[in-house]
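Q: My structure is below; once you've seen it, I'll send some questions.
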Amino acid sequence: MCDLTYDDVKRAADRLAGRTRPVTVVEGDDGVWLALEHMQHTGSFKARGAYNFLAAHREAGTLPEAGVTIASGGNAGLACAWAARLQEVRATVFLPENAPHVKVAKLRGYGADVRLMGAEYAEALAACEEFAATTGALASHAYDHPLIAAGAGTLVDEIRERVPGLDTVVVAVGGGGLFSGVATAARHHGVRTVAVEPEGCRTLNAALEAGRVVDVPVDSVAADSLGARRASRTALAIARDPDVRSVLVPDTAIVRARQALWDDRRLAVEHAAATALAALAGGADAAYAPAEGERVAVVVCGANTDPSDLVRR
């Protein structure tokens, strides 16, 4: 049973109007378009879901004095802190101790109380849940909430406005928030969704294989953003749709795609943001090979990275 609908996405779009940046879409090669969501506020698509989450709670009168709290590998925390600052809400963000320094610095720049806990996301989440229980803070989530996913899904209508006749949208998957929102909106318009994961972080692919959500190992160059232990049940339910395809890519392809975005377009993005594009690399041997004439949009989802390794010396 899926608790996310296209009506949820439309309501989110109304809340986000004038608050988030409309996505820039540029034409690539062979009918492939790049949706440059890494240019969004806070450097990732997650600003959409975070603002929608807080705005919906404000509408309902359910924002507590203790503010909002979230556990995040970085991008969701940044988005939560940004949205909280706009709405004058306190934000307490829990991250794994290995979170990139650039993300920690940005969080503090948004005025968040940053707390580093544990070696991976699951440990930061446990600390966040304890904090919410003891303080009464509103618990947000990096991906597993219908308001978060609905905000992310607002991307699809914006992409369709810029790419008439869109056939397919390609997205990277961590826990499944972006995928859930995008696939829900895409299905409404008869657009297929390709869900791309690193071979070492295959939460959705493994859930489809097992027929239920399962814990998976986290071992990928893109794990700082795509390192969830398990996909949401909503993501699994949506991924069972016949217009959804789940594919895996190796870290080597992700690294090459990220480097190519820099070399060819001077786009400095996270490994997670290059994961979706990596699925199209390799021609006929690609994880996803578009048909002739197929109009494909690839979501470039985040830019919170240290770009120093992109410069060839």
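In the structure tokens, each chain is lettered A, B, ... as it comes, each chain's residues begin at 1, and ligands are numbered from 1 in order of appearance.
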Could you produce a table of the residues of segment 258-297 of chain A lying within 10 Å of segment 29-47 of chain A, with the nearest pair of atoms per residue and their separation in Å rounded to one decimal, using only C-alpha atoms, ordered by chain and increasing residue number, as JSON lines?
A:
{"residue": "A:Leu267", "atom": "CA", "partner": "A:His38", "partner_atom": "CA", "distance": 9.2}
{"residue": "A:Ala268", "atom": "CA", "partner": "A:His38", "partner_atom": "CA", "distance": 9.1}
{"residue": "A:Val269", "atom": "CA", "partner": "A:His38", "partner_atom": "CA", "distance": 7.1}
{"residue": "A:Glu270", "atom": "CA", "partner": "A:His38", "partner_atom": "CA", "distance": 8.8}
{"residue": "A:Ala273", "atom": "CA", "partner": "A:His38", "partner_atom": "CA", "distance": 7.7}
{"residue": "A:Leu277", "atom": "CA", "partner": "A:Leu34", "partner_atom": "CA", "distance": 8.7}
{"residue": "A:Leu280", "atom": "CA", "partner": "A:Val32", "partner_atom": "CA", "distance": 9.2}
{"residue": "A:Pro290", "atom": "CA", "partner": "A:Gly31", "partner_atom": "CA", "distance": 8.8}
{"residue": "A:Ala291", "atom": "CA", "partner": "A:Gly31", "partner_atom": "CA", "distance": 9.8}
{"residue": "A:Glu292", "atom": "CA", "partner": "A:Asp30", "partner_atom": "CA", "distance": 8.6}
{"residue": "A:Gly293", "atom": "CA", "partner": "A:Gly31", "partner_atom": "CA", "distance": 6.7}
{"residue": "A:Glu294", "atom": "CA", "partner": "A:Gly31", "partner_atom": "CA", "distance": 6.5}
{"residue": "A:Arg295", "atom": "CA", "partner": "A:Gly31", "partner_atom": "CA", "distance": 5.1}
{"residue": "A:Val296", "atom": "CA", "partner": "A:Val32", "partner_atom": "CA", "distance": 4.8}
{"residue": "A:Ala297", "atom": "CA", "partner": "A:Trp33", "partner_atom": "CA", "distance": 4.6}
Q: I need the chosen residues saved as a PDB file, in the first residue's frame, with N, CA, C and O atoms.
A:
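Result written to result02.pdb:
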ATOM      1  N   LEU A 267      30.816  20.989 -14.405  1.00  0.00           N
ATOM      2  CA  LEU A 267      29.863  20.782 -13.333  1.00  0.00           C
ATOM      3  C   LEU A 267      30.536  19.965 -12.242  1.00  0.00           C
ATOM      4  O   LEU A 267      30.921  18.811 -12.462  1.00  0.00           O
ATOM      5  N   ALA A 268      30.712  20.555 -11.073  1.00  0.00           N
ATOM      6  CA  ALA A 268      31.315  19.854  -9.940  1.00  0.00           C
ATOM      7  C   ALA A 268      30.185  19.313  -9.068  1.00  0.00           C
ATOM      8  O   ALA A 268      29.478  20.078  -8.407  1.00  0.00           O
ATOM      9  N   VAL A 269      30.007  17.996  -9.076  1.00  0.00           N
ATOM     10  CA  VAL A 269      28.882  17.384  -8.378  1.00  0.00           C
ATOM     11  C   VAL A 269      29.355  16.245  -7.480  1.00  0.00           C
ATOM     12  O   VAL A 269      30.478  15.761  -7.588  1.00  0.00           O
ATOM     13  N   GLU A 270      28.466  15.815  -6.605  1.00  0.00           N
ATOM     14  CA  GLU A 270      28.735  14.664  -5.749  1.00  0.00           C
ATOM     15  C   GLU A 270      28.752  13.376  -6.581  1.00  0.00           C
ATOM     16  O   GLU A 270      28.181  13.306  -7.669  1.00  0.00           O
ATOM     17  N   ALA A 273      25.313  12.396  -7.389  1.00  0.00           N
ATOM     18  CA  ALA A 273      24.703  13.105  -8.516  1.00  0.00           C
ATOM     19  C   ALA A 273      25.131  12.525  -9.846  1.00  0.00           C
ATOM     20  O   ALA A 273      24.424  12.669 -10.850  1.00  0.00           O
ATOM     21  N   LEU A 277      23.630   9.361 -14.083  1.00  0.00           N
ATOM     22  CA  LEU A 277      24.241   9.468 -15.407  1.00  0.00           C
ATOM     23  C   LEU A 277      25.089   8.251 -15.725  1.00  0.00           C
ATOM     24  O   LEU A 277      25.166   7.822 -16.883  1.00  0.00           O
ATOM     25  N   LEU A 280      23.846   5.418 -17.983  1.00  0.00           N
ATOM     26  CA  LEU A 280      23.750   5.558 -19.440  1.00  0.00           C
ATOM     27  C   LEU A 280      25.095   5.371 -20.136  1.00  0.00           C
ATOM     28  O   LEU A 280      25.157   5.408 -21.364  1.00  0.00           O
ATOM     29  N   PRO A 290      18.812   3.775 -23.661  1.00  0.00           N
ATOM     30  CA  PRO A 290      17.572   4.315 -24.228  1.00  0.00           C
ATOM     31  C   PRO A 290      17.344   3.831 -25.656  1.00  0.00           C
ATOM     32  O   PRO A 290      18.298   3.597 -26.419  1.00  0.00           O
ATOM     33  N   ALA A 291      16.089   3.680 -26.004  1.00  0.00           N
ATOM     34  CA  ALA A 291      15.730   3.317 -27.379  1.00  0.00           C
ATOM     35  C   ALA A 291      15.955   4.514 -28.293  1.00  0.00           C
ATOM     36  O   ALA A 291      16.068   5.668 -27.838  1.00  0.00           O
ATOM     37  N   GLU A 292      16.037   4.253 -29.560  1.00  0.00           N
ATOM     38  CA  GLU A 292      16.210   5.336 -30.525  1.00  0.00           C
ATOM     39  C   GLU A 292      15.041   6.316 -30.426  1.00  0.00           C
ATOM     40  O   GLU A 292      13.877   5.930 -30.436  1.00  0.00           O
ATOM     41  N   GLY A 293      15.354   7.587 -30.287  1.00  0.00           N
ATOM     42  CA  GLY A 293      14.329   8.615 -30.199  1.00  0.00           C
ATOM     43  C   GLY A 293      13.761   8.821 -28.804  1.00  0.00           C
ATOM     44  O   GLY A 293      12.954   9.732 -28.600  1.00  0.00           O
ATOM     45  N   GLU A 294      14.171   8.014 -27.848  1.00  0.00           N
ATOM     46  CA  GLU A 294      13.666   8.156 -26.479  1.00  0.00           C
ATOM     47  C   GLU A 294      14.206   9.438 -25.843  1.00  0.00           C
ATOM     48  O   GLU A 294      15.398   9.718 -25.898  1.00  0.00           O
ATOM     49  N   ARG A 295      13.317  10.203 -25.260  1.00  0.00           N
ATOM     50  CA  ARG A 295      13.713  11.463 -24.617  1.00  0.00           C
ATOM     51  C   ARG A 295      13.868  11.219 -23.120  1.00  0.00           C
ATOM     52  O   ARG A 295      12.895  10.927 -22.418  1.00  0.00           O
ATOM     53  N   VAL A 296      15.100  11.353 -22.665  1.00  0.00           N
ATOM     54  CA  VAL A 296      15.477  10.959 -21.305  1.00  0.00           C
ATOM     55  C   VAL A 296      16.003  12.164 -20.537  1.00  0.00           C
ATOM     56  O   VAL A 296      16.833  12.926 -21.047  1.00  0.00           O
ATOM     57  N   ALA A 297      15.535  12.335 -19.300  1.00  0.00           N
ATOM     58  CA  ALA A 297      16.080  13.364 -18.406  1.00  0.00           C
ATOM     59  C   ALA A 297      16.770  12.683 -17.238  1.00  0.00           C
ATOM     60  O   ALA A 297      16.197  11.804 -16.590  1.00  0.00           O
TER      61      ALA A 297
END
Q: Can you list, as a PDB file with N, CA, C and O atoms, in the first residue's frame, all residues belonging to segment 126-179 of chain A that DSSP tags as strand (DSSP E or B)?
A:
ATOM      1  N   LEU A 138      10.184  18.058  16.619  1.00  0.00           N
ATOM      2  CA  LEU A 138       9.551  17.413  15.474  1.00  0.00           C
ATOM      3  C   LEU A 138      10.593  16.625  14.708  1.00  0.00           C
ATOM      4  O   LEU A 138      11.592  17.180  14.251  1.00  0.00           O
ATOM      5  N   ALA A 139      10.394  15.326  14.578  1.00  0.00           N
ATOM      6  CA  ALA A 139      11.359  14.480  13.882  1.00  0.00           C
ATOM      7  C   ALA A 139      11.076  14.480  12.381  1.00  0.00           C
ATOM      8  O   ALA A 139      10.011  14.049  11.936  1.00  0.00           O
ATOM      9  N   THR A 168      11.323   9.329 -20.235  1.00  0.00           N
ATOM     10  CA  THR A 168      11.968   8.624 -19.120  1.00  0.00           C
ATOM     11  C   THR A 168      12.720   9.606 -18.245  1.00  0.00           C
ATOM     12  O   THR A 168      13.375  10.519 -18.757  1.00  0.00           O
ATOM     13  N   VAL A 169      12.633   9.402 -16.936  1.00  0.00           N
ATOM     14  CA  VAL A 169      13.450  10.175 -16.007  1.00  0.00           C
ATOM     15  C   VAL A 169      14.323   9.189 -15.232  1.00  0.00           C
ATOM     16  O   VAL A 169      13.859   8.130 -14.809  1.00  0.00           O
ATOM     17  N   VAL A 170      15.603   9.538 -15.091  1.00  0.00           N
ATOM     18  CA  VAL A 170      16.590   8.659 -14.455  1.00  0.00           C
ATOM     19  C   VAL A 170      17.052   9.315 -13.161  1.00  0.00           C
ATOM     20  O   VAL A 170      17.503  10.467 -13.171  1.00  0.00           O
ATOM     21  N   VAL A 171      16.944   8.577 -12.036  1.00  0.00           N
ATOM     22  CA  VAL A 171      17.296   9.146 -10.736  1.00  0.00           C
ATOM     23  C   VAL A 171      18.154   8.172  -9.945  1.00  0.00           C
ATOM     24  O   VAL A 171      18.006   6.952 -10.056  1.00  0.00           O
ATOM     25  N   ALA A 172      19.046   8.738  -9.137  1.00  0.00           N
ATOM     26  CA  ALA A 172      19.810   7.932  -8.189  1.00  0.00           C
ATOM     27  C   ALA A 172      18.930   7.614  -6.980  1.00  0.00           C
ATOM     28  O   ALA A 172      18.045   8.387  -6.623  1.00  0.00           O
TER      29      ALA A 172
END
Q: May I have the residues within 8 Å of Asp243 of chain A as an MDAnalysis selection string, using only C-alpha atoms and disregarding those fewer than 3 positions away in the same chain?
A: chainID A and resid 187 191:193
Q: By how many Å are atom CA of Arg15 of chain A and atom CA of Val68 of chain A apart?
A: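 Atom-to-atom, atom CA of Arg15 of chain A and atom CA of Val68 of chain A are spaced 18.4 Å apart.
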Q: Might you pull out every residue within 12 Å of Glu209 of chain A, with only C-alpha atoms counted and same-chain residues fewer than 6 positions away left off, and present them as an MDAnalysis selection string?
A: chainID A and resid 202:203 236 239:240 246:247
Q: Using the selection just defined, write its residues with all heavy atoms as a PDB file, in the first residue's frame.
A:
ATOM      1  N   ARG A 202      22.674  -1.050  -2.568  1.00  0.00           N
ATOM      2  CA  ARG A 202      21.534  -1.422  -3.422  1.00  0.00           C
ATOM      3  C   ARG A 202      20.268  -1.670  -2.609  1.00  0.00           C
ATOM      4  O   ARG A 202      19.665  -2.740  -2.649  1.00  0.00           O
ATOM      5  CB  ARG A 202      21.900  -2.645  -4.266  1.00  0.00           C
ATOM      6  CG  ARG A 202      22.438  -3.835  -3.495  1.00  0.00           C
ATOM      7  CD  ARG A 202      22.890  -4.954  -4.428  1.00  0.00           C
ATOM      8  NE  ARG A 202      21.793  -5.556  -5.138  1.00  0.00           N
ATOM      9  CZ  ARG A 202      21.187  -6.689  -4.746  1.00  0.00           C
ATOM     10  NH1 ARG A 202      21.559  -7.300  -3.624  1.00  0.00           N
ATOM     11  NH2 ARG A 202      20.211  -7.191  -5.469  1.00  0.00           N
ATOM     12  N   THR A 203      19.817  -0.658  -1.883  1.00  0.00           N
ATOM     13  CA  THR A 203      18.665  -0.845  -1.003  1.00  0.00           C
ATOM     14  C   THR A 203      17.394  -1.220  -1.763  1.00  0.00           C
ATOM     15  O   THR A 203      16.693  -2.156  -1.382  1.00  0.00           O
ATOM     16  CB  THR A 203      18.391   0.431  -0.197  1.00  0.00           C
ATOM     17  OG1 THR A 203      18.082   1.508  -1.085  1.00  0.00           O
ATOM     18  CG2 THR A 203      19.578   0.808   0.652  1.00  0.00           C
ATOM     19  N   LEU A 236       9.597   0.827  -2.202  1.00  0.00           N
ATOM     20  CA  LEU A 236       9.427  -0.536  -2.706  1.00  0.00           C
ATOM     21  C   LEU A 236       8.075  -0.701  -3.383  1.00  0.00           C
ATOM     22  O   LEU A 236       7.981  -1.282  -4.475  1.00  0.00           O
ATOM     23  CB  LEU A 236       9.568  -1.530  -1.558  1.00  0.00           C
ATOM     24  CG  LEU A 236       9.269  -2.996  -1.913  1.00  0.00           C
ATOM     25  CD1 LEU A 236      10.170  -3.486  -3.043  1.00  0.00           C
ATOM     26  CD2 LEU A 236       9.413  -3.886  -0.675  1.00  0.00           C
ATOM     27  N   ALA A 239       8.211   1.003  -6.725  1.00  0.00           N
ATOM     28  CA  ALA A 239       9.147   0.359  -7.644  1.00  0.00           C
ATOM     29  C   ALA A 239       8.582  -0.896  -8.285  1.00  0.00           C
ATOM     30  O   ALA A 239       9.120  -1.380  -9.296  1.00  0.00           O
ATOM     31  CB  ALA A 239      10.442   0.020  -6.908  1.00  0.00           C
ATOM     32  N   ARG A 240       7.514  -1.423  -7.736  1.00  0.00           N
ATOM     33  CA  ARG A 240       6.884  -2.617  -8.324  1.00  0.00           C
ATOM     34  C   ARG A 240       6.054  -2.280  -9.555  1.00  0.00           C
ATOM     35  O   ARG A 240       5.584  -3.182 -10.247  1.00  0.00           O
ATOM     36  CB  ARG A 240       6.009  -3.298  -7.271  1.00  0.00           C
ATOM     37  CG  ARG A 240       6.821  -4.008  -6.190  1.00  0.00           C
ATOM     38  CD  ARG A 240       5.941  -4.547  -5.086  1.00  0.00           C
ATOM     39  NE  ARG A 240       6.673  -5.445  -4.199  1.00  0.00           N
ATOM     40  CZ  ARG A 240       6.462  -5.553  -2.898  1.00  0.00           C
ATOM     41  NH1 ARG A 240       5.529  -4.800  -2.324  1.00  0.00           N
ATOM     42  NH2 ARG A 240       7.162  -6.397  -2.172  1.00  0.00           N
ATOM     43  N   SER A 246      14.812  -0.901 -12.158  1.00  0.00           N
ATOM     44  CA  SER A 246      15.901  -0.781 -11.193  1.00  0.00           C
ATOM     45  C   SER A 246      17.186  -1.313 -11.811  1.00  0.00           C
ATOM     46  O   SER A 246      17.217  -2.440 -12.316  1.00  0.00           O
ATOM     47  CB  SER A 246      15.565  -1.585  -9.928  1.00  0.00           C
ATOM     48  OG  SER A 246      16.696  -1.712  -9.086  1.00  0.00           O
ATOM     49  N   VAL A 247      18.264  -0.484 -11.765  1.00  0.00           N
ATOM     50  CA  VAL A 247      19.547  -0.905 -12.324  1.00  0.00           C
ATOM     51  C   VAL A 247      20.670  -0.563 -11.343  1.00  0.00           C
ATOM     52  O   VAL A 247      20.527   0.309 -10.485  1.00  0.00           O
ATOM     53  CB  VAL A 247      19.835  -0.244 -13.693  1.00  0.00           C
ATOM     54  CG1 VAL A 247      18.734  -0.573 -14.697  1.00  0.00           C
ATOM     55  CG2 VAL A 247      20.008   1.264 -13.555  1.00  0.00           C
TER      56      VAL A 247
END
Q: Choose the residue, out of A:Tyr51, A:Tyr6, A:Trp262, A:Phe179, that has the smallest atom-to-atom separation from Ser308 of chain A; count only C-alpha atoms.
A: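 Looking only at the distances to Ser308 of chain A, the closest residue turns out to be A:Trp262.
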Q: Tell me, as JSON, numbers by chain, which residues lie within 12 Å of segment 106-112 of chain A, counting only C-alpha atoms; anything in the same chain fewer than 6 positions away does not count.
A: {"A": [41, 42, 43, 67, 68, 69, 70, 72, 73, 74, 75, 76, 77, 78, 79, 80, 81, 82, 83, 84, 85, 86, 88, 89, 90, 91, 92, 93, 94, 95, 99, 100, 304, 305]}
Q: Taking the backbone alone, and naming residues the way the document does, which bits of segment 64-228 of chain A are alpha helix (DSSP H) by DSSP, as number ranges by chain?
A: A: 75-86, 101-109, 121-135, 146-153, 155-162, 177-188, 203-210, 223-226
Q: Pick the closest to Pro146 of chain A from A:Ala60, A:Ala186, A:Val9, A:Ala237: which is it, counting only C-alpha atoms?
A: A:Val9
Q: Show me, as a list in words, the residues that have an atom within 10 Å of Gly181 of chain A when counting only C-alpha atoms, minus same-chain residues fewer than 5 positions from it.
A: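 The contact residues come out as Leu4, Thr5, Tyr6, Asp8, Val9, Gly49, Pro146, Leu147, Ile148, Ala149, Ala150, Gly151, Ala152, Gly153, Thr154, Leu155, Val156, Gly176, Ala186, Thr234, Ala235 and Ile238 of chain A.
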Q: Quick one: which segment 136-215 of chain A residues come within 12 Å of segment 119-124 of chain A, and what is the nearest atom pair for each with the distance in Å to one decimal, counting only C-alpha atoms, rows ordered by chain and ascending number, as CSV?
A:
residue,atom,partner,partner_atom,distance
A:His141,CA,A:Tyr121,CA,11.4
A:Ala142,CA,A:Tyr121,CA,9.9
A:Gly174,CA,A:Tyr121,CA,11.5
A:Gly175,CA,A:Tyr121,CA,11.0
A:Asp215,CA,A:Ala122,CA,10.7
Q: Between atom CA of Cys201 of chain A and atom CA of Ala253 of chain A, what is the distance in Å, rounded to a tenth?
A: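 Answer for the atom CA of Cys201 of chain A to atom CA of Ala253 of chain A separation: 14.2 Å.
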Q: Have a look at atom CA of Arg19 of chain A and atom CA of Cys301 of chain A and let me know their distance in Å, one decimal.
A: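 Going from atom CA of Arg19 of chain A over to atom CA of Cys301 of chain A, I get 17.8 Å.
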Q: Using only C-alpha atoms for the distances, tell me which of A:Pro164, A:Gly177, A:Pro250, A:Pro22 is nearest to Gly200 of chain A.
A: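 Comparing A:Pro164, A:Gly177, A:Pro250, A:Pro22 against Gly200 of chain A, the winner is A:Pro250.
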Q: My list of candidates is A:Ala303, A:Ile254, A:Arg265, A:Val182. Which is closest to Ala281 of chain A when distances are computed with only C-alpha atoms?
A: A:Ile254
Q: Hey, what's within 10 Å of Val255 of chain A if we count only C-alpha atoms and toss same-chain stuff fewer than 3 positions away? As a PDB file with N, CA and C atoms, in the first residue's frame, please?
A:
ATOM      1  N   VAL A 221      31.584   4.570  -3.285  1.00  0.00           N
ATOM      2  CA  VAL A 221      32.139   5.916  -3.330  1.00  0.00           C
ATOM      3  C   VAL A 221      31.046   6.966  -3.149  1.00  0.00           C
ATOM      4  N   ALA A 222      29.806   6.576  -3.393  1.00  0.00           N
ATOM      5  CA  ALA A 222      28.670   7.495  -3.255  1.00  0.00           C
ATOM      6  C   ALA A 222      27.927   7.321  -1.941  1.00  0.00           C
ATOM      7  N   PRO A 250      28.594   0.152 -11.198  1.00  0.00           N
ATOM      8  CA  PRO A 250      29.789   0.028 -10.359  1.00  0.00           C
ATOM      9  C   PRO A 250      30.362   1.389 -10.007  1.00  0.00           C
ATOM     10  N   ASP A 251      31.155   1.424  -8.962  1.00  0.00           N
ATOM     11  CA  ASP A 251      31.783   2.677  -8.551  1.00  0.00           C
ATOM     12  C   ASP A 251      32.655   3.269  -9.653  1.00  0.00           C
ATOM     13  N   THR A 252      33.299   2.413 -10.444  1.00  0.00           N
ATOM     14  CA  THR A 252      34.158   2.917 -11.519  1.00  0.00           C
ATOM     15  C   THR A 252      33.366   3.757 -12.510  1.00  0.00           C
ATOM     16  N   ARG A 258      31.160  11.300 -13.026  1.00  0.00           N
ATOM     17  CA  ARG A 258      31.400  12.538 -12.288  1.00  0.00           C
ATOM     18  C   ARG A 258      32.528  13.334 -12.925  1.00  0.00           C
ATOM     19  N   GLN A 259      33.594  12.653 -13.307  1.00  0.00           N
ATOM     20  CA  GLN A 259      34.713  13.335 -13.945  1.00  0.00           C
ATOM     21  C   GLN A 259      34.301  13.924 -15.291  1.00  0.00           C
ATOM     22  N   ALA A 260      33.467  13.190 -16.027  1.00  0.00           N
ATOM     23  CA  ALA A 260      33.010  13.679 -17.331  1.00  0.00           C
ATOM     24  C   ALA A 260      32.155  14.929 -17.190  1.00  0.00           C
ATOM     25  N   GLU A 270      28.466  15.815  -6.605  1.00  0.00           N
ATOM     26  CA  GLU A 270      28.735  14.664  -5.749  1.00  0.00           C
ATOM     27  C   GLU A 270      28.752  13.376  -6.581  1.00  0.00           C
ATOM     28  N   HIS A 271      29.363  12.348  -5.999  1.00  0.00           N
ATOM     29  CA  HIS A 271      29.303  11.041  -6.651  1.00  0.00           C
ATOM     30  C   HIS A 271      27.851  10.570  -6.787  1.00  0.00           C
ATOM     31  N   ALA A 272      27.029  10.883  -5.795  1.00  0.00           N
ATOM     32  CA  ALA A 272      25.614  10.514  -5.883  1.00  0.00           C
ATOM     33  C   ALA A 272      24.945  11.146  -7.097  1.00  0.00           C
ATOM     34  N   ALA A 274      26.296  11.875  -9.881  1.00  0.00           N
ATOM     35  CA  ALA A 274      26.775  11.253 -11.114  1.00  0.00           C
ATOM     36  C   ALA A 274      26.266   9.828 -11.273  1.00  0.00           C
ATOM     37  N   THR A 275      25.681   9.270 -10.227  1.00  0.00           N
ATOM     38  CA  THR A 275      25.249   7.870 -10.265  1.00  0.00           C
ATOM     39  C   THR A 275      24.178   7.636 -11.319  1.00  0.00           C
ATOM     40  N   ALA A 278      25.706   7.664 -14.708  1.00  0.00           N
ATOM     41  CA  ALA A 278      26.551   6.483 -14.926  1.00  0.00           C
ATOM     42  C   ALA A 278      25.770   5.326 -15.544  1.00  0.00           C
ATOM     43  N   LEU A 310      38.700  16.615  -8.809  1.00  0.00           N
ATOM     44  CA  LEU A 310      38.260  16.668 -10.211  1.00  0.00           C
ATOM     45  C   LEU A 310      39.282  17.324 -11.129  1.00  0.00           C
TER      46      LEU A 310
END
Q: Given the choices A:Leu226, A:Ala286, A:Leu166, A:Val249, which gets closest to Pro198 of chain A if the distance is worked out from only C-alpha atoms?
A: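 Among A:Leu226, A:Ala286, A:Leu166, A:Val249, it is A:Val249 that comes nearest to Pro198 of chain A.
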